[in-house]
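Beneath this line is the structure, given in structure tokens, with notes to follow.
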Amino acid sequence: MATGYPEPAGRTGKAATIHEVARAAGVSHQTVSRFLRGQGGLKPQTLQKVTQAIEKLNYRPNLAARSMRTRRSGRVAVVLPGPTDFVPTRLLNGAADAAHESGYLLDVVGLEGDASARADRMHTLLHPDNIDGILAFAPLATRMAGLDLTSFPVPVLVEGEYDDNMRAQGLLADAAPMAEIVRRLAADGHRRFVHVAGSDLWASARNRRKVYEATVAELGLTSCAVVDGDWTVRSGWEAATTVIAGCGATAVLAANDRVAFGVIQGLQSLHIDVPGQISVVGWDDEEISRYMRPALSTVRVDRERQGREAMLRLLALLRGEEPESLAHPPGLNHLVLRQSTGPAPGA
């Protein structure tokens, strides 16, 4: 049956095979197989040739055939917290790309409730007959829930759950840019700070608070307040109108860009100029940040790379390998200065 879409050059409507991909790329079918399984050791030019051949031939792995051979489902699950406004599209894109390149389908599951409820749902929903492995972007309080990830029937990788000083899986929990922000603002004459934190259920929020407090103390600065927030615009607005406006701070470090937006809107509603009177910094570099008035200074994070590298570590577990150690790679995140920050008043 005609589809209305042109077939790739040289194709007759039949699904491409791994051998055709190998011929198009000028490599062996074993090399293509290694590529699809996510194994390392391939030269960059080989990776490029195989990728281009797969795209040209619109190759899709035969999951049913592989499942019969390997007794695996060909599916991996990504676990998110639910219900929540946290929808990490860029993280999911990176994870999905890595999974699909290795021939896996991706299921996205939201886990509701407290730690015990999440543990129960992990066992109920994510059965090894249906799922080969689990990548969790949701906090899983394993000690509280009695959930032993090493004894779970399929490999589980928790990305970003643990604190920096624990056996961290967790590029998501990297708080290093917080120190850079404080130092930069201090160099601009700021001495009194407020941090509007994210939910302390998240290791990323706990780590940013810890680094903020340590850096302020190290430099002999003053923290007027640490406001407990929940990652929302509302929490930023409430912090601005109830705490920040009257505490004498000249710089605010927000948990994310949404909180920063709420802070700026709250301050402007009180006719407090940003950055003339108070500088504000966010985190994540969401698209909206560059279009705010003033444009938001923030931390740019390569979420696609985080998601991809997390999935690659899970795929290593599926192959029975030990995932690479989680040093925070250079260039993963960095401070972007825009118009919401400036010198302290009178500096």
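By order of appearance in the structure tokens: chains A, B, ..., then residues from 1 within every chain, and ligands from 1 in the order shown.
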
Next on the checklist: Give me, as a list in words, all polymer residues having an atom no more than 8 Å from Ala99 of chain A, counting only C-alpha atoms and skipping those fewer than 4 positions away in the same chain.
Outcome noted: Val76, Ala95, Gly103, Tyr104, Leu105, Leu106, Met311, Leu312 and Leu315 of chain A

Next on the checklist: If we count only C-alpha atoms and set the cut-off at 8 Å, which residues sit around Ala179 of chain A, ignoring sequence neighbours fewer than 3 positions away in its own chain? Please answer as a list of chain:residue names.
Outcome noted: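 Residues near the query, excluding close chain neighbours: A:Ala175, A:Ala176, A:Val182, A:Arg183, A:Val211, A:Tyr212, A:Thr215.
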
Export C-alpha atoms of the chosen residues as a short mmCIF file (atom, residue, chain, number, x, y, z; two decimals), in the first residue's frame?
```cif
data_model
loop_
_atom_site.label_atom_id
_atom_site.label_comp_id
_atom_site.auth_asym_id
_atom_site.auth_seq_id
_atom_site.Cartn_x
_atom_site.Cartn_y
_atom_site.Cartn_z
CA ALA A 175 25.82 22.24 42.69
CA ALA A 176 29.26 23.57 41.73
CA VAL A 182 28.28 33.85 44.79
CA ARG A 183 31.88 34.70 43.96
CA VAL A 211 27.25 25.05 48.51
CA TYR A 212 25.52 28.44 48.86
CA THR A 215 30.57 29.83 49.98
#
```

Checklist entry - For Thr17 of chain A, which of A:Tyr59, A:Arg191, A:Thr89, A:Leu47 is the closest residue, counting only C-alpha atoms? => result A:Tyr59

Checklist entry - Mind pulling up the distance from atom CA of His195 of chain A to atom CA of Ala249 of chain A? => result 10.1 Å

Checklist entry - In terms of the shortest atom-to-atom distance over only C-alpha atoms, which of A:Glu213, A:Arg290, A:Gln52, A:Val196 is closest to Val263 of chain A? => result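 Once distances to Val263 of chain A are computed over only C-alpha atoms, the minimum belongs to A:Val196.
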
Checklist entry - From the list A:Asp273, A:Val109, A:Thr242, A:Leu296, which residue is nearest Ala260 of chain A when using only C-alpha atoms? => result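 Closest to Ala260 of chain A, using only C-alpha atoms: A:Leu296.
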
Checklist entry - By how many Å are atom CA of Glu101 of chain A and atom CA of Thr51 of chain A apart? => result 8.7 Å

Next on the checklist: List the spatial neighbours of Asn333 of chain A as a PyMOL selection string - criterion: any atom at most 7 Å away, only C-alpha atoms, same-chain residues fewer than 4 positions off excluded.
Outcome noted: chain A and resi 299-302

Next, the residues of the selection above should be written as a PDB file, in the first residue's frame with C-alpha atoms.
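Saved file part.pdb follows:
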```pdb
ATOM      1  CA  VAL A 299      23.038  28.531  34.901  1.00  0.00           C
ATOM      2  CA  ARG A 300      22.921  26.836  31.520  1.00  0.00           C
ATOM      3  CA  VAL A 301      22.682  23.047  31.882  1.00  0.00           C
ATOM      4  CA  ASP A 302      23.158  20.548  29.051  1.00  0.00           C
TER       5      ASP A 302
END
```

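Picture a line from atom CA of Cys247 of chain A to atom CA of Thr341 of chain A; it runs 18.3 Å.
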
Next on the checklist: List as a PyMOL selection string the protein and nucleic acid residues near Gly276 of chain A, meaning an atom at most 10 Å away when only C-alpha atoms are counted, but skip any in the same chain fewer than 3 places from it.
Outcome noted: chain A and resi 250+272-273+279+340-346

Item to check | Every residue of segment 157-291 of chain A that DSSP places in strand (DSSP E or B), as a PyMOL selection string | outcome: chain A and resi 157-158+192-197+222-228+251-254+279-281+284

I need the chosen residues saved as a PDB file, in the first residue's frame, with N, CA and C atoms.
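Written output follows (result33.pdb):
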```pdb
ATOM      1  N   LEU A 157      19.083   2.388  37.676  1.00  0.00           N
ATOM      2  CA  LEU A 157      20.045   3.475  37.818  1.00  0.00           C
ATOM      3  C   LEU A 157      19.296   4.716  38.273  1.00  0.00           C
ATOM      4  N   VAL A 158      19.674   5.257  39.421  1.00  0.00           N
ATOM      5  CA  VAL A 158      19.039   6.461  39.937  1.00  0.00           C
ATOM      6  C   VAL A 158      19.925   7.651  39.590  1.00  0.00           C
ATOM      7  N   ARG A 192      25.132  41.001  50.857  1.00  0.00           N
ATOM      8  CA  ARG A 192      23.962  40.434  51.543  1.00  0.00           C
ATOM      9  C   ARG A 192      23.116  39.649  50.526  1.00  0.00           C
ATOM     10  N   PHE A 193      22.897  38.368  50.825  1.00  0.00           N
ATOM     11  CA  PHE A 193      22.305  37.446  49.874  1.00  0.00           C
ATOM     12  C   PHE A 193      21.061  36.771  50.445  1.00  0.00           C
ATOM     13  N   VAL A 194      20.200  36.307  49.542  1.00  0.00           N
ATOM     14  CA  VAL A 194      19.088  35.413  49.879  1.00  0.00           C
ATOM     15  C   VAL A 194      19.104  34.259  48.885  1.00  0.00           C
ATOM     16  N   HIS A 195      18.869  33.064  49.386  1.00  0.00           N
ATOM     17  CA  HIS A 195      18.703  31.907  48.512  1.00  0.00           C
ATOM     18  C   HIS A 195      17.277  31.402  48.635  1.00  0.00           C
ATOM     19  N   VAL A 196      16.541  31.364  47.516  1.00  0.00           N
ATOM     20  CA  VAL A 196      15.210  30.760  47.489  1.00  0.00           C
ATOM     21  C   VAL A 196      15.402  29.342  46.972  1.00  0.00           C
ATOM     22  N   ALA A 197      15.316  28.379  47.869  1.00  0.00           N
ATOM     23  CA  ALA A 197      15.699  27.005  47.565  1.00  0.00           C
ATOM     24  C   ALA A 197      14.567  26.232  46.908  1.00  0.00           C
ATOM     25  N   THR A 222      27.051  37.791  54.096  1.00  0.00           N
ATOM     26  CA  THR A 222      25.878  37.610  54.944  1.00  0.00           C
ATOM     27  C   THR A 222      24.755  36.952  54.170  1.00  0.00           C
ATOM     28  N   SER A 223      24.227  35.862  54.717  1.00  0.00           N
ATOM     29  CA  SER A 223      23.016  35.263  54.167  1.00  0.00           C
ATOM     30  C   SER A 223      21.837  35.772  54.987  1.00  0.00           C
ATOM     31  N   CYS A 224      21.052  36.643  54.387  1.00  0.00           N
ATOM     32  CA  CYS A 224      19.912  37.196  55.113  1.00  0.00           C
ATOM     33  C   CYS A 224      18.839  36.140  55.367  1.00  0.00           C
ATOM     34  N   ALA A 225      18.698  35.191  54.442  1.00  0.00           N
ATOM     35  CA  ALA A 225      17.684  34.152  54.604  1.00  0.00           C
ATOM     36  C   ALA A 225      17.905  33.064  53.568  1.00  0.00           C
ATOM     37  N   VAL A 226      17.502  31.843  53.936  1.00  0.00           N
ATOM     38  CA  VAL A 226      17.296  30.751  52.984  1.00  0.00           C
ATOM     39  C   VAL A 226      15.815  30.427  53.045  1.00  0.00           C
ATOM     40  N   VAL A 227      15.104  30.661  51.953  1.00  0.00           N
ATOM     41  CA  VAL A 227      13.660  30.480  51.913  1.00  0.00           C
ATOM     42  C   VAL A 227      13.350  29.117  51.320  1.00  0.00           C
ATOM     43  N   ASP A 228      12.578  28.314  52.033  1.00  0.00           N
ATOM     44  CA  ASP A 228      12.182  27.006  51.520  1.00  0.00           C
ATOM     45  C   ASP A 228      11.128  27.186  50.435  1.00  0.00           C
ATOM     46  N   ALA A 251      21.224  40.653  46.497  1.00  0.00           N
ATOM     47  CA  ALA A 251      21.353  39.587  45.496  1.00  0.00           C
ATOM     48  C   ALA A 251      20.521  38.385  45.927  1.00  0.00           C
ATOM     49  N   VAL A 252      19.817  37.798  44.956  1.00  0.00           N
ATOM     50  CA  VAL A 252      18.977  36.633  45.209  1.00  0.00           C
ATOM     51  C   VAL A 252      19.405  35.508  44.286  1.00  0.00           C
ATOM     52  N   LEU A 253      19.645  34.342  44.858  1.00  0.00           N
ATOM     53  CA  LEU A 253      19.965  33.150  44.094  1.00  0.00           C
ATOM     54  C   LEU A 253      18.755  32.224  44.144  1.00  0.00           C
ATOM     55  N   ALA A 254      18.112  32.020  43.001  1.00  0.00           N
ATOM     56  CA  ALA A 254      16.880  31.239  42.943  1.00  0.00           C
ATOM     57  C   ALA A 254      17.172  29.797  42.547  1.00  0.00           C
ATOM     58  N   SER A 279      19.922  42.171  42.475  1.00  0.00           N
ATOM     59  CA  SER A 279      20.254  41.282  41.366  1.00  0.00           C
ATOM     60  C   SER A 279      19.623  39.909  41.601  1.00  0.00           C
ATOM     61  N   VAL A 280      19.230  39.242  40.515  1.00  0.00           N
ATOM     62  CA  VAL A 280      18.570  37.935  40.616  1.00  0.00           C
ATOM     63  C   VAL A 280      19.211  36.972  39.622  1.00  0.00           C
ATOM     64  N   VAL A 281      19.499  35.746  40.102  1.00  0.00           N
ATOM     65  CA  VAL A 281      20.077  34.694  39.265  1.00  0.00           C
ATOM     66  C   VAL A 281      19.195  33.456  39.344  1.00  0.00           C
ATOM     67  N   ASP A 284      18.979  26.791  35.077  1.00  0.00           N
ATOM     68  CA  ASP A 284      18.452  25.879  34.040  1.00  0.00           C
ATOM     69  C   ASP A 284      18.526  26.496  32.658  1.00  0.00           C
TER      70      ASP A 284
END
```
